[in-house]
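Asks: Next up, data.cif (mmCIF, N, CA and C atoms).
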data_data
loop_
_atom_site.label_atom_id
_atom_site.label_comp_id
_atom_site.auth_asym_id
_atom_site.auth_seq_id
_atom_site.Cartn_x
_atom_site.Cartn_y
_atom_site.Cartn_z
N MET P 1 -27.69 -23.37 38.99
CA MET P 1 -26.82 -22.30 39.41
C MET P 1 -25.38 -22.58 38.97
N ASP P 2 -24.96 -23.84 39.08
CA ASP P 2 -23.59 -24.21 38.74
C ASP P 2 -23.34 -24.02 37.23
N ASN P 3 -24.34 -24.33 36.38
CA ASN P 3 -24.21 -24.14 34.93
C ASN P 3 -24.09 -22.66 34.57
N GLN P 4 -24.81 -21.82 35.30
CA GLN P 4 -24.77 -20.38 35.03
C GLN P 4 -23.38 -19.83 35.34
N VAL P 5 -22.74 -20.30 36.40
CA VAL P 5 -21.39 -19.87 36.76
C VAL P 5 -20.40 -20.31 35.68
N LYS P 6 -20.52 -21.57 35.19
CA LYS P 6 -19.64 -22.06 34.14
C LYS P 6 -19.84 -21.27 32.85
N THR P 7 -21.08 -20.97 32.50
CA THR P 7 -21.38 -20.21 31.29
C THR P 7 -20.81 -18.81 31.39
N THR P 8 -20.99 -18.17 32.53
CA THR P 8 -20.46 -16.81 32.74
C THR P 8 -18.94 -16.83 32.67
N GLY P 9 -18.32 -17.84 33.26
CA GLY P 9 -16.86 -17.96 33.21
C GLY P 9 -16.37 -18.15 31.79
N THR P 10 -17.05 -18.99 31.04
CA THR P 10 -16.68 -19.24 29.64
C THR P 10 -16.82 -17.97 28.81
N ILE P 11 -17.90 -17.25 29.01
CA ILE P 11 -18.12 -16.00 28.28
C ILE P 11 -17.02 -14.99 28.63
N ASN P 12 -16.65 -14.92 29.90
CA ASN P 12 -15.58 -14.01 30.32
C ASN P 12 -14.26 -14.38 29.64
N TYR P 13 -13.95 -15.68 29.56
CA TYR P 13 -12.72 -16.12 28.88
C TYR P 13 -12.75 -15.73 27.40
N ILE P 14 -13.89 -15.90 26.78
CA ILE P 14 -14.02 -15.56 25.36
C ILE P 14 -13.84 -14.06 25.15
N ILE P 15 -14.47 -13.26 25.99
CA ILE P 15 -14.37 -11.80 25.88
C ILE P 15 -12.92 -11.36 26.09
N TRP P 16 -12.30 -11.81 27.18
CA TRP P 16 -10.93 -11.40 27.47
C TRP P 16 -9.96 -11.93 26.41
N GLY P 17 -10.18 -13.12 25.92
CA GLY P 17 -9.34 -13.66 24.86
C GLY P 17 -9.44 -12.82 23.59
N SER P 18 -10.65 -12.40 23.27
CA SER P 18 -10.86 -11.56 22.09
C SER P 18 -10.19 -10.20 22.25
N VAL P 19 -10.30 -9.62 23.43
CA VAL P 19 -9.68 -8.32 23.70
C VAL P 19 -8.16 -8.43 23.59
N ILE P 20 -7.59 -9.46 24.18
CA ILE P 20 -6.13 -9.65 24.13
C ILE P 20 -5.69 -9.90 22.69
N PHE P 21 -6.40 -10.76 21.96
CA PHE P 21 -6.06 -11.03 20.57
C PHE P 21 -6.13 -9.76 19.73
N ALA P 22 -7.17 -8.96 19.90
CA ALA P 22 -7.32 -7.72 19.13
C ALA P 22 -6.17 -6.76 19.45
N GLY P 23 -5.79 -6.66 20.71
CA GLY P 23 -4.68 -5.80 21.10
C GLY P 23 -3.37 -6.25 20.49
N LEU P 24 -3.12 -7.55 20.52
CA LEU P 24 -1.89 -8.09 19.92
C LEU P 24 -1.88 -7.88 18.41
N TYR P 25 -3.02 -8.06 17.77
CA TYR P 25 -3.11 -7.84 16.33
C TYR P 25 -2.82 -6.38 15.98
N LEU P 26 -3.38 -5.45 16.74
CA LEU P 26 -3.12 -4.03 16.48
C LEU P 26 -1.64 -3.69 16.68
N LEU P 27 -1.00 -4.28 17.68
CA LEU P 27 0.44 -4.08 17.86
C LEU P 27 1.23 -4.67 16.70
N TYR P 28 0.84 -5.86 16.25
CA TYR P 28 1.51 -6.50 15.13
C TYR P 28 1.44 -5.64 13.87
N ARG P 29 0.31 -4.99 13.63
CA ARG P 29 0.14 -4.16 12.43
C ARG P 29 1.09 -2.98 12.42
N ARG P 30 1.59 -2.60 13.57
CA ARG P 30 2.53 -1.47 13.64
C ARG P 30 3.98 -1.91 13.46
N THR P 31 4.23 -3.19 13.41
CA THR P 31 5.60 -3.68 13.32
C THR P 31 6.11 -3.68 11.89
N ASN P 32 7.44 -3.69 11.76
CA ASN P 32 8.07 -3.77 10.44
C ASN P 32 7.79 -5.12 9.80
N MET P 33 7.63 -6.16 10.61
CA MET P 33 7.35 -7.49 10.08
C MET P 33 6.02 -7.48 9.31
N TYR P 34 5.00 -6.82 9.86
CA TYR P 34 3.71 -6.73 9.19
C TYR P 34 3.84 -5.96 7.88
N LYS P 35 4.55 -4.83 7.93
CA LYS P 35 4.71 -4.01 6.73
C LYS P 35 5.48 -4.77 5.64
N GLN P 36 6.49 -5.53 6.05
CA GLN P 36 7.25 -6.33 5.08
C GLN P 36 6.36 -7.42 4.49
N HIS P 37 5.55 -8.06 5.31
CA HIS P 37 4.63 -9.09 4.83
C HIS P 37 3.64 -8.49 3.83
N LYS P 38 3.16 -7.28 4.12
CA LYS P 38 2.22 -6.62 3.23
C LYS P 38 2.87 -6.34 1.87
N LEU P 39 4.13 -5.89 1.86
CA LEU P 39 4.82 -5.63 0.60
C LEU P 39 5.10 -6.93 -0.16
N ASN P 40 5.47 -7.97 0.56
CA ASN P 40 5.69 -9.26 -0.09
C ASN P 40 4.42 -9.77 -0.74
N SER P 41 3.29 -9.62 -0.06
CA SER P 41 1.99 -10.03 -0.63
C SER P 41 1.66 -9.20 -1.87
N PHE P 42 1.96 -7.90 -1.80
CA PHE P 42 1.74 -7.01 -2.93
C PHE P 42 2.58 -7.46 -4.12
N ALA P 43 3.85 -7.83 -3.87
CA ALA P 43 4.75 -8.27 -4.93
C ALA P 43 4.25 -9.55 -5.59
N LYS P 44 3.65 -10.44 -4.81
CA LYS P 44 3.10 -11.67 -5.38
C LYS P 44 1.88 -11.37 -6.25
N LYS P 45 1.11 -10.37 -5.85
CA LYS P 45 -0.11 -10.02 -6.58
C LYS P 45 0.20 -9.29 -7.89
N TYR P 46 1.30 -8.54 -7.91
CA TYR P 46 1.71 -7.78 -9.09
C TYR P 46 3.12 -8.18 -9.50
N PRO P 47 3.28 -9.35 -10.10
CA PRO P 47 4.63 -9.82 -10.45
C PRO P 47 5.23 -9.02 -11.61
N GLY P 48 6.55 -9.02 -11.67
CA GLY P 48 7.23 -8.41 -12.80
C GLY P 48 7.65 -6.97 -12.60
N TRP P 49 7.37 -6.40 -11.45
CA TRP P 49 7.83 -5.05 -11.18
C TRP P 49 9.31 -5.11 -10.80
N GLU P 50 9.92 -3.96 -10.62
CA GLU P 50 11.34 -3.90 -10.28
C GLU P 50 11.52 -3.97 -8.77
N ILE P 51 12.37 -4.92 -8.34
CA ILE P 51 12.70 -5.06 -6.93
C ILE P 51 13.99 -4.29 -6.67
N ASN P 52 13.95 -3.36 -5.76
CA ASN P 52 15.13 -2.57 -5.43
C ASN P 52 15.56 -2.85 -4.01
N ASN P 53 16.53 -3.73 -3.87
CA ASN P 53 17.11 -3.98 -2.55
C ASN P 53 18.57 -4.40 -2.65
N ASN P 54 19.16 -4.21 -3.81
CA ASN P 54 20.57 -4.50 -4.09
C ASN P 54 20.90 -5.98 -4.06
N LYS P 55 19.97 -6.85 -3.68
CA LYS P 55 20.24 -8.28 -3.60
C LYS P 55 19.29 -9.10 -4.46
N LYS P 56 18.17 -8.52 -4.84
CA LYS P 56 17.12 -9.21 -5.61
C LYS P 56 16.53 -10.39 -4.85
N THR P 57 16.58 -10.34 -3.54
CA THR P 57 16.02 -11.39 -2.70
C THR P 57 15.19 -10.75 -1.61
N SER P 58 14.62 -11.54 -0.75
CA SER P 58 13.85 -11.01 0.38
C SER P 58 14.81 -10.53 1.45
N PRO P 59 14.49 -9.57 2.25
CA PRO P 59 13.25 -8.79 2.18
C PRO P 59 13.31 -7.73 1.08
N ILE P 60 12.18 -7.51 0.46
CA ILE P 60 12.07 -6.48 -0.57
C ILE P 60 12.00 -5.14 0.15
N GLU P 61 12.88 -4.21 -0.22
CA GLU P 61 12.85 -2.89 0.39
C GLU P 61 11.96 -1.94 -0.38
N MET P 62 12.04 -2.01 -1.71
CA MET P 62 11.21 -1.16 -2.57
C MET P 62 10.71 -2.01 -3.73
N TYR P 63 9.48 -1.77 -4.14
CA TYR P 63 8.90 -2.45 -5.28
C TYR P 63 8.40 -1.37 -6.22
N ALA P 64 9.00 -1.26 -7.41
CA ALA P 64 8.75 -0.11 -8.27
C ALA P 64 8.27 -0.50 -9.66
N LYS P 65 7.52 0.42 -10.26
CA LYS P 65 7.02 0.22 -11.63
C LYS P 65 6.91 1.59 -12.28
N SER P 66 7.40 1.70 -13.50
CA SER P 66 7.19 2.95 -14.24
C SER P 66 5.83 2.86 -14.93
N PHE P 67 5.22 4.01 -15.12
CA PHE P 67 3.95 4.05 -15.84
C PHE P 67 3.89 5.35 -16.63
N LYS P 68 2.98 5.38 -17.59
CA LYS P 68 2.85 6.54 -18.46
C LYS P 68 1.47 7.16 -18.30
N ALA P 69 1.44 8.48 -18.28
CA ALA P 69 0.19 9.23 -18.28
C ALA P 69 0.01 9.79 -19.69
N LEU P 70 -1.15 9.57 -20.26
CA LEU P 70 -1.41 9.98 -21.64
C LEU P 70 -2.31 11.21 -21.70
N LYS P 71 -2.07 12.02 -22.71
CA LYS P 71 -2.94 13.17 -22.97
C LYS P 71 -4.27 12.66 -23.53
N SER P 72 -5.23 13.53 -23.66
CA SER P 72 -6.55 13.12 -24.17
C SER P 72 -6.49 12.60 -25.60
N ASP P 73 -5.50 13.02 -26.39
CA ASP P 73 -5.36 12.52 -27.76
C ASP P 73 -4.60 11.20 -27.84
N GLY P 74 -4.17 10.67 -26.69
CA GLY P 74 -3.49 9.39 -26.64
C GLY P 74 -1.98 9.48 -26.70
N SER P 75 -1.45 10.68 -26.86
CA SER P 75 0.01 10.83 -26.90
C SER P 75 0.57 10.89 -25.48
N LEU P 76 1.86 10.60 -25.37
CA LEU P 76 2.52 10.57 -24.06
C LEU P 76 2.58 11.96 -23.45
N ASP P 77 2.16 12.07 -22.22
CA ASP P 77 2.27 13.33 -21.48
C ASP P 77 3.50 13.27 -20.59
N PHE P 78 3.50 12.34 -19.61
CA PHE P 78 4.64 12.18 -18.72
C PHE P 78 4.83 10.70 -18.39
N GLU P 79 6.04 10.38 -17.95
CA GLU P 79 6.33 9.04 -17.45
C GLU P 79 6.74 9.19 -15.98
N TYR P 80 6.22 8.29 -15.14
CA TYR P 80 6.42 8.38 -13.70
C TYR P 80 6.98 7.07 -13.14
N TRP P 81 7.49 7.15 -11.92
CA TRP P 81 7.84 5.97 -11.12
C TRP P 81 6.84 5.86 -9.99
N LEU P 82 6.29 4.70 -9.79
CA LEU P 82 5.44 4.38 -8.65
C LEU P 82 6.24 3.43 -7.77
N ILE P 83 6.51 3.82 -6.54
CA ILE P 83 7.38 3.02 -5.67
C ILE P 83 6.66 2.74 -4.35
N TYR P 84 6.54 1.46 -4.02
CA TYR P 84 6.00 1.01 -2.75
C TYR P 84 7.18 0.59 -1.87
N TYR P 85 7.23 1.08 -0.63
CA TYR P 85 8.32 0.77 0.29
C TYR P 85 7.83 -0.18 1.38
N ASN P 86 8.77 -0.93 1.98
CA ASN P 86 8.39 -1.85 3.05
C ASN P 86 8.14 -1.13 4.37
N THR P 87 8.16 0.19 4.35
CA THR P 87 7.82 0.99 5.53
C THR P 87 6.35 1.39 5.51
N GLY P 88 5.62 0.98 4.46
CA GLY P 88 4.21 1.34 4.33
C GLY P 88 4.00 2.64 3.57
N ILE P 89 5.06 3.16 2.99
CA ILE P 89 5.00 4.42 2.24
C ILE P 89 4.94 4.12 0.74
N VAL P 90 4.24 4.97 0.01
CA VAL P 90 4.22 4.92 -1.45
C VAL P 90 4.63 6.30 -1.95
N LYS P 91 5.46 6.33 -3.00
CA LYS P 91 5.90 7.60 -3.58
C LYS P 91 5.77 7.54 -5.09
N ILE P 92 5.55 8.70 -5.69
CA ILE P 92 5.52 8.82 -7.13
C ILE P 92 6.50 9.93 -7.51
N TYR P 93 7.36 9.61 -8.49
CA TYR P 93 8.33 10.57 -9.01
C TYR P 93 8.13 10.71 -10.51
N LEU P 94 8.38 11.91 -11.02
CA LEU P 94 8.42 12.13 -12.45
C LEU P 94 9.71 11.50 -12.95
N ARG P 95 9.60 10.66 -13.95
CA ARG P 95 10.77 9.93 -14.45
C ARG P 95 11.49 10.77 -15.50
N GLY P 96 12.80 10.73 -15.48
CA GLY P 96 13.59 11.47 -16.45
C GLY P 96 15.00 11.65 -15.95
N LYS P 97 15.74 12.57 -16.59
CA LYS P 97 17.12 12.84 -16.17
C LYS P 97 17.17 13.19 -14.69
N ASP P 98 16.41 14.18 -14.33
CA ASP P 98 16.31 14.61 -12.93
C ASP P 98 14.93 14.21 -12.43
N GLU P 99 14.89 13.12 -11.67
CA GLU P 99 13.60 12.67 -11.16
C GLU P 99 13.05 13.72 -10.21
N LYS P 100 11.77 14.02 -10.35
CA LYS P 100 11.13 15.06 -9.56
C LYS P 100 10.06 14.42 -8.68
N PHE P 101 10.08 14.74 -7.39
CA PHE P 101 9.09 14.23 -6.43
C PHE P 101 7.71 14.77 -6.79
N ILE P 102 6.71 13.89 -6.83
CA ILE P 102 5.34 14.29 -7.13
C ILE P 102 4.47 14.17 -5.87
N LEU P 103 4.48 12.98 -5.25
CA LEU P 103 3.65 12.81 -4.05
C LEU P 103 4.17 11.66 -3.20
N GLU P 104 3.72 11.67 -1.95
CA GLU P 104 4.01 10.60 -1.00
C GLU P 104 2.75 10.32 -0.21
N GLY P 105 2.59 9.07 0.17
CA GLY P 105 1.43 8.70 0.96
C GLY P 105 1.64 7.35 1.61
N THR P 106 0.58 6.85 2.19
CA THR P 106 0.59 5.51 2.77
C THR P 106 -0.37 4.65 1.97
N TRP P 107 -0.20 3.36 2.08
CA TRP P 107 -1.07 2.43 1.36
C TRP P 107 -1.59 1.37 2.33
N PRO P 108 -2.79 1.63 2.89
CA PRO P 108 -3.39 0.66 3.80
C PRO P 108 -3.64 -0.68 3.12
N ASN P 109 -3.89 -0.65 1.80
CA ASN P 109 -4.04 -1.86 1.00
C ASN P 109 -3.74 -1.49 -0.45
N ASP P 110 -3.74 -2.46 -1.34
CA ASP P 110 -3.33 -2.16 -2.71
C ASP P 110 -4.40 -1.47 -3.54
N THR P 111 -5.53 -1.15 -2.96
CA THR P 111 -6.57 -0.42 -3.68
C THR P 111 -6.81 0.97 -3.09
N THR P 112 -5.93 1.41 -2.21
CA THR P 112 -6.08 2.71 -1.56
C THR P 112 -4.73 3.38 -1.37
N ILE P 113 -4.67 4.68 -1.65
CA ILE P 113 -3.50 5.49 -1.33
C ILE P 113 -3.99 6.72 -0.57
N LYS P 114 -3.42 6.93 0.61
CA LYS P 114 -3.70 8.14 1.39
C LYS P 114 -2.53 9.09 1.18
N ILE P 115 -2.76 10.17 0.44
CA ILE P 115 -1.69 11.09 0.06
C ILE P 115 -1.40 12.03 1.24
N THR P 116 -0.13 12.07 1.66
CA THR P 116 0.26 12.89 2.81
C THR P 116 1.11 14.10 2.44
N LYS P 117 1.85 14.02 1.33
CA LYS P 117 2.72 15.13 0.90
C LYS P 117 2.66 15.28 -0.60
N GLY P 118 2.86 16.51 -1.06
CA GLY P 118 2.94 16.76 -2.49
C GLY P 118 1.59 16.95 -3.14
N TYR P 119 1.52 16.54 -4.41
CA TYR P 119 0.33 16.73 -5.24
C TYR P 119 -0.88 16.04 -4.61
N LYS P 120 -1.96 16.81 -4.44
CA LYS P 120 -3.23 16.33 -3.86
C LYS P 120 -3.08 15.82 -2.42
N ALA P 121 -2.19 16.45 -1.66
CA ALA P 121 -1.98 16.07 -0.25
C ALA P 121 -3.29 16.18 0.52
N GLY P 122 -3.50 15.22 1.41
CA GLY P 122 -4.71 15.19 2.24
C GLY P 122 -5.84 14.37 1.66
N GLN P 123 -5.69 13.91 0.44
CA GLN P 123 -6.75 13.12 -0.20
C GLN P 123 -6.49 11.62 -0.03
N THR P 124 -7.57 10.88 0.01
CA THR P 124 -7.51 9.42 -0.02
C THR P 124 -8.13 8.99 -1.34
N VAL P 125 -7.36 8.22 -2.10
CA VAL P 125 -7.82 7.81 -3.43
C VAL P 125 -7.96 6.29 -3.44
N LYS P 126 -9.13 5.84 -3.86
CA LYS P 126 -9.42 4.40 -3.91
C LYS P 126 -9.80 3.99 -5.32
N GLY P 127 -9.54 2.73 -5.63
CA GLY P 127 -9.91 2.19 -6.92
C GLY P 127 -9.86 0.68 -6.87
N LYS P 128 -10.41 0.04 -7.88
CA LYS P 128 -10.40 -1.42 -7.92
C LYS P 128 -9.02 -1.94 -8.31
N LYS P 129 -8.28 -1.16 -9.10
CA LYS P 129 -6.94 -1.53 -9.56
C LYS P 129 -6.03 -0.32 -9.44
N ILE P 130 -4.74 -0.57 -9.53
CA ILE P 130 -3.77 0.52 -9.41
C ILE P 130 -3.96 1.53 -10.54
N ASN P 131 -4.23 1.06 -11.76
CA ASN P 131 -4.49 1.98 -12.88
C ASN P 131 -5.60 2.97 -12.54
N GLU P 132 -6.66 2.47 -11.94
CA GLU P 132 -7.79 3.33 -11.59
C GLU P 132 -7.40 4.37 -10.55
N ILE P 133 -6.61 3.97 -9.56
CA ILE P 133 -6.15 4.91 -8.54
C ILE P 133 -5.32 6.02 -9.19
N LEU P 134 -4.36 5.63 -10.03
CA LEU P 134 -3.49 6.60 -10.69
C LEU P 134 -4.27 7.51 -11.63
N SER P 135 -5.26 6.95 -12.32
CA SER P 135 -6.10 7.77 -13.21
C SER P 135 -6.86 8.82 -12.42
N LYS P 136 -7.32 8.46 -11.23
CA LYS P 136 -8.03 9.42 -10.37
C LYS P 136 -7.08 10.50 -9.86
N ILE P 137 -5.86 10.13 -9.53
CA ILE P 137 -4.89 11.11 -9.02
C ILE P 137 -4.52 12.10 -10.12
N PHE P 138 -4.13 11.61 -11.28
CA PHE P 138 -3.61 12.46 -12.35
C PHE P 138 -4.68 12.94 -13.34
N GLU P 139 -5.88 12.36 -13.23
CA GLU P 139 -6.99 12.70 -14.11
C GLU P 139 -6.59 12.55 -15.59
N GLN P 140 -5.88 11.44 -15.85
CA GLN P 140 -5.44 11.09 -17.19
C GLN P 140 -5.52 9.59 -17.36
N LYS P 141 -5.44 9.14 -18.60
CA LYS P 141 -5.36 7.70 -18.86
C LYS P 141 -3.96 7.23 -18.50
N ILE P 142 -3.89 6.09 -17.79
CA ILE P 142 -2.63 5.54 -17.32
C ILE P 142 -2.37 4.22 -18.03
N THR P 143 -1.12 3.99 -18.47
CA THR P 143 -0.74 2.72 -19.09
C THR P 143 0.52 2.17 -18.44
N ASN P 144 0.80 0.93 -18.73
CA ASN P 144 2.02 0.21 -18.29
C ASN P 144 1.98 -0.27 -16.86
N ILE P 145 0.85 -0.28 -16.20
CA ILE P 145 0.80 -0.83 -14.84
C ILE P 145 0.21 -2.23 -14.95
#
As structure tokens, please, write out the structure in this file.
Replies:
Amino acid sequence: MDNQVKTTGTINYIIWGSVIFAGLYLLYRRTNMYKQHKLNSFAKKYPGWEINNNKKTSPIEMYAKSFKALKSDGSLDFEYWLIYYNTGIVKIYLRGKDEKFILEGTWPNDTTIKITKGYKAGQTVKGKKINEILSKIFEQKITNI
């Protein structure tokens, strides 16, 4: 009987510990610290992009890369900016004299973009690499990523 009480107590501690840990983790994911960590990890995975924070040091506020969309014959169609923010937002702008907003979304991870505003709003686009995601969004061949 005494072993059963100890086992039940241990199981209760494990269950409550797991519940508390899961709750704290979910709260942490909503913090700016988590979002900044996610962008820093992204920057390490894709080195050489442009860091926009006026200091070129941490914390990174924006991590940007220009890319090109090609026509079916291989000629240049448009050039865009892909910008990841430390707020968990991703935006794409048409690059040029007057940059034009194309879309905005969130990025739960570097292989998924959930589009919330602009072109293809409401869609979730997934791919193995960023090129694949962009190719699915624009339905064109993408280079320079």
Asks: For this structure, which residues satisfy the selection - the PyMOL selection byres ((chain P and resi 83-100) around 7) - when it is evaluated on the file as given? I want them as a list of chain:residue names.
Replies: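 On the file shown, the PyMOL selection byres ((chain P and resi 83-100) around 7) covers P:Asn32, P:Lys35, P:Gln36, P:Leu39, P:Ile60, P:Glu61, P:Met62, P:Tyr63, P:Ala64, P:Lys65, P:Phe78, P:Glu79, P:Tyr80, P:Trp81, P:Leu82, P:Phe101, P:Ile102, P:Leu103, P:Glu104, P:Gly105, P:Thr106, P:Trp107, P:Pro108.
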Asks: Go ahead and dump the residues you just picked, N, CA and C atoms, as a CSV table (one decimal), in the coordinates of the input.
Replies:
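Output saved as again.csv:
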chain,number,residue,atom,x,y,z
P,32,ASN,N,7.4,-3.7,11.8
P,32,ASN,CA,8.1,-3.8,10.4
P,32,ASN,C,7.8,-5.1,9.8
P,35,LYS,N,4.6,-4.8,7.9
P,35,LYS,CA,4.7,-4.0,6.7
P,35,LYS,C,5.5,-4.8,5.6
P,36,GLN,N,6.5,-5.5,6.0
P,36,GLN,CA,7.2,-6.3,5.1
P,36,GLN,C,6.4,-7.4,4.5
P,39,LEU,N,4.1,-5.9,1.9
P,39,LEU,CA,4.8,-5.6,0.6
P,39,LEU,C,5.1,-6.9,-0.2
P,60,ILE,N,12.2,-7.5,0.5
P,60,ILE,CA,12.1,-6.5,-0.6
P,60,ILE,C,12.0,-5.1,0.2
P,61,GLU,N,12.9,-4.2,-0.2
P,61,GLU,CA,12.8,-2.9,0.4
P,61,GLU,C,12.0,-1.9,-0.4
P,62,MET,N,12.0,-2.0,-1.7
P,62,MET,CA,11.2,-1.2,-2.6
P,62,MET,C,10.7,-2.0,-3.7
P,63,TYR,N,9.5,-1.8,-4.1
P,63,TYR,CA,8.9,-2.4,-5.3
P,63,TYR,C,8.4,-1.4,-6.2
P,64,ALA,N,9.0,-1.3,-7.4
P,64,ALA,CA,8.8,-0.1,-8.3
P,64,ALA,C,8.3,-0.5,-9.7
P,65,LYS,N,7.5,0.4,-10.3
P,65,LYS,CA,7.0,0.2,-11.6
P,65,LYS,C,6.9,1.6,-12.3
P,78,PHE,N,3.5,12.3,-19.6
P,78,PHE,CA,4.6,12.2,-18.7
P,78,PHE,C,4.8,10.7,-18.4
P,79,GLU,N,6.0,10.4,-18.0
P,79,GLU,CA,6.3,9.0,-17.4
P,79,GLU,C,6.7,9.2,-16.0
P,80,TYR,N,6.2,8.3,-15.1
P,80,TYR,CA,6.4,8.4,-13.7
P,80,TYR,C,7.0,7.1,-13.1
P,81,TRP,N,7.5,7.2,-11.9
P,81,TRP,CA,7.8,6.0,-11.1
P,81,TRP,C,6.8,5.9,-10.0
P,82,LEU,N,6.3,4.7,-9.8
P,82,LEU,CA,5.4,4.4,-8.6
P,82,LEU,C,6.2,3.4,-7.8
P,101,PHE,N,10.1,14.7,-7.4
P,101,PHE,CA,9.1,14.2,-6.4
P,101,PHE,C,7.7,14.8,-6.8
P,102,ILE,N,6.7,13.9,-6.8
P,102,ILE,CA,5.3,14.3,-7.1
P,102,ILE,C,4.5,14.2,-5.9
P,103,LEU,N,4.5,13.0,-5.2
P,103,LEU,CA,3.6,12.8,-4.0
P,103,LEU,C,4.2,11.7,-3.2
P,104,GLU,N,3.7,11.7,-2.0
P,104,GLU,CA,4.0,10.6,-1.0
P,104,GLU,C,2.8,10.3,-0.2
P,105,GLY,N,2.6,9.1,0.2
P,105,GLY,CA,1.4,8.7,1.0
P,105,GLY,C,1.6,7.4,1.6
P,106,THR,N,0.6,6.8,2.2
P,106,THR,CA,0.6,5.5,2.8
P,106,THR,C,-0.4,4.6,2.0
P,107,TRP,N,-0.2,3.4,2.1
P,107,TRP,CA,-1.1,2.4,1.4
P,107,TRP,C,-1.6,1.4,2.3
P,108,PRO,N,-2.8,1.6,2.9
P,108,PRO,CA,-3.4,0.7,3.8
P,108,PRO,C,-3.6,-0.7,3.1
Asks: When DSSP works through the backbone of this structure, what residues of range 3-106 of chain P end up as helix (DSSP H, G or I), shown as a ChimeraX atom specification?
Replies: /P:3-29,32-45
Asks: If you apply the PyMOL selection byres (((chain P and resi 130-138 and name CA) around 10) and name CA) to this file, what residues do you get, as a PyMOL selection string?
Replies: chain P and resi 46+67+69-70+82+92+110-113+115+119-120+123-129+139-145
Asks: Kindly save the residues from that selection, with N, CA and C atoms included, as a short mmCIF file (atom, residue, chain, number, x, y, z; two decimals), keeping the file's coordinate frame.
Replies:
data_model
loop_
_atom_site.label_atom_id
_atom_site.label_comp_id
_atom_site.auth_asym_id
_atom_site.auth_seq_id
_atom_site.Cartn_x
_atom_site.Cartn_y
_atom_site.Cartn_z
N TYR P 46 1.30 -8.54 -7.91
CA TYR P 46 1.71 -7.78 -9.09
C TYR P 46 3.12 -8.18 -9.50
N PHE P 67 5.22 4.01 -15.12
CA PHE P 67 3.95 4.05 -15.84
C PHE P 67 3.89 5.35 -16.63
N ALA P 69 1.44 8.48 -18.28
CA ALA P 69 0.19 9.23 -18.28
C ALA P 69 0.01 9.79 -19.69
N LEU P 70 -1.15 9.57 -20.26
CA LEU P 70 -1.41 9.98 -21.64
C LEU P 70 -2.31 11.21 -21.70
N LEU P 82 6.29 4.70 -9.79
CA LEU P 82 5.44 4.38 -8.65
C LEU P 82 6.24 3.43 -7.77
N ILE P 92 5.55 8.70 -5.69
CA ILE P 92 5.52 8.82 -7.13
C ILE P 92 6.50 9.93 -7.51
N ASP P 110 -3.74 -2.46 -1.34
CA ASP P 110 -3.33 -2.16 -2.71
C ASP P 110 -4.40 -1.47 -3.54
N THR P 111 -5.53 -1.15 -2.96
CA THR P 111 -6.57 -0.42 -3.68
C THR P 111 -6.81 0.97 -3.09
N THR P 112 -5.93 1.41 -2.21
CA THR P 112 -6.08 2.71 -1.56
C THR P 112 -4.73 3.38 -1.37
N ILE P 113 -4.67 4.68 -1.65
CA ILE P 113 -3.50 5.49 -1.33
C ILE P 113 -3.99 6.72 -0.57
N ILE P 115 -2.76 10.17 0.44
CA ILE P 115 -1.69 11.09 0.06
C ILE P 115 -1.40 12.03 1.24
N TYR P 119 1.52 16.54 -4.41
CA TYR P 119 0.33 16.73 -5.24
C TYR P 119 -0.88 16.04 -4.61
N LYS P 120 -1.96 16.81 -4.44
CA LYS P 120 -3.23 16.33 -3.86
C LYS P 120 -3.08 15.82 -2.42
N GLN P 123 -5.69 13.91 0.44
CA GLN P 123 -6.75 13.12 -0.20
C GLN P 123 -6.49 11.62 -0.03
N THR P 124 -7.57 10.88 0.01
CA THR P 124 -7.51 9.42 -0.02
C THR P 124 -8.13 8.99 -1.34
N VAL P 125 -7.36 8.22 -2.10
CA VAL P 125 -7.82 7.81 -3.43
C VAL P 125 -7.96 6.29 -3.44
N LYS P 126 -9.13 5.84 -3.86
CA LYS P 126 -9.42 4.40 -3.91
C LYS P 126 -9.80 3.99 -5.32
N GLY P 127 -9.54 2.73 -5.63
CA GLY P 127 -9.91 2.19 -6.92
C GLY P 127 -9.86 0.68 -6.87
N LYS P 128 -10.41 0.04 -7.88
CA LYS P 128 -10.40 -1.42 -7.92
C LYS P 128 -9.02 -1.94 -8.31
N LYS P 129 -8.28 -1.16 -9.10
CA LYS P 129 -6.94 -1.53 -9.56
C LYS P 129 -6.03 -0.32 -9.44
N GLU P 139 -5.88 12.36 -13.23
CA GLU P 139 -6.99 12.70 -14.11
C GLU P 139 -6.59 12.55 -15.59
N GLN P 140 -5.88 11.44 -15.85
CA GLN P 140 -5.44 11.09 -17.19
C GLN P 140 -5.52 9.59 -17.36
N LYS P 141 -5.44 9.14 -18.60
CA LYS P 141 -5.36 7.70 -18.86
C LYS P 141 -3.96 7.23 -18.50
N ILE P 142 -3.89 6.09 -17.79
CA ILE P 142 -2.63 5.54 -17.32
C ILE P 142 -2.37 4.22 -18.03
N THR P 143 -1.12 3.99 -18.47
CA THR P 143 -0.74 2.72 -19.09
C THR P 143 0.52 2.17 -18.44
N ASN P 144 0.80 0.93 -18.73
CA ASN P 144 2.02 0.21 -18.29
C ASN P 144 1.98 -0.27 -16.86
N ILE P 145 0.85 -0.28 -16.20
CA ILE P 145 0.80 -0.83 -14.84
C ILE P 145 0.21 -2.23 -14.95
#
Asks: Work out how far apart CA of Ser41 in chain P and CA of Leu24 in chain P are and give it in Å to one decimal.
Replies: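 It comes out at 21.0 Å.
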Asks: What separation in Å, quoted to one decimal, exists between atom N of Tyr28 in chain P and atom C of Lys114 in chain P?
Replies: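 One can read the atom N of Tyr28 in chain P to atom C of Lys114 in chain P distance as 21.5 Å.
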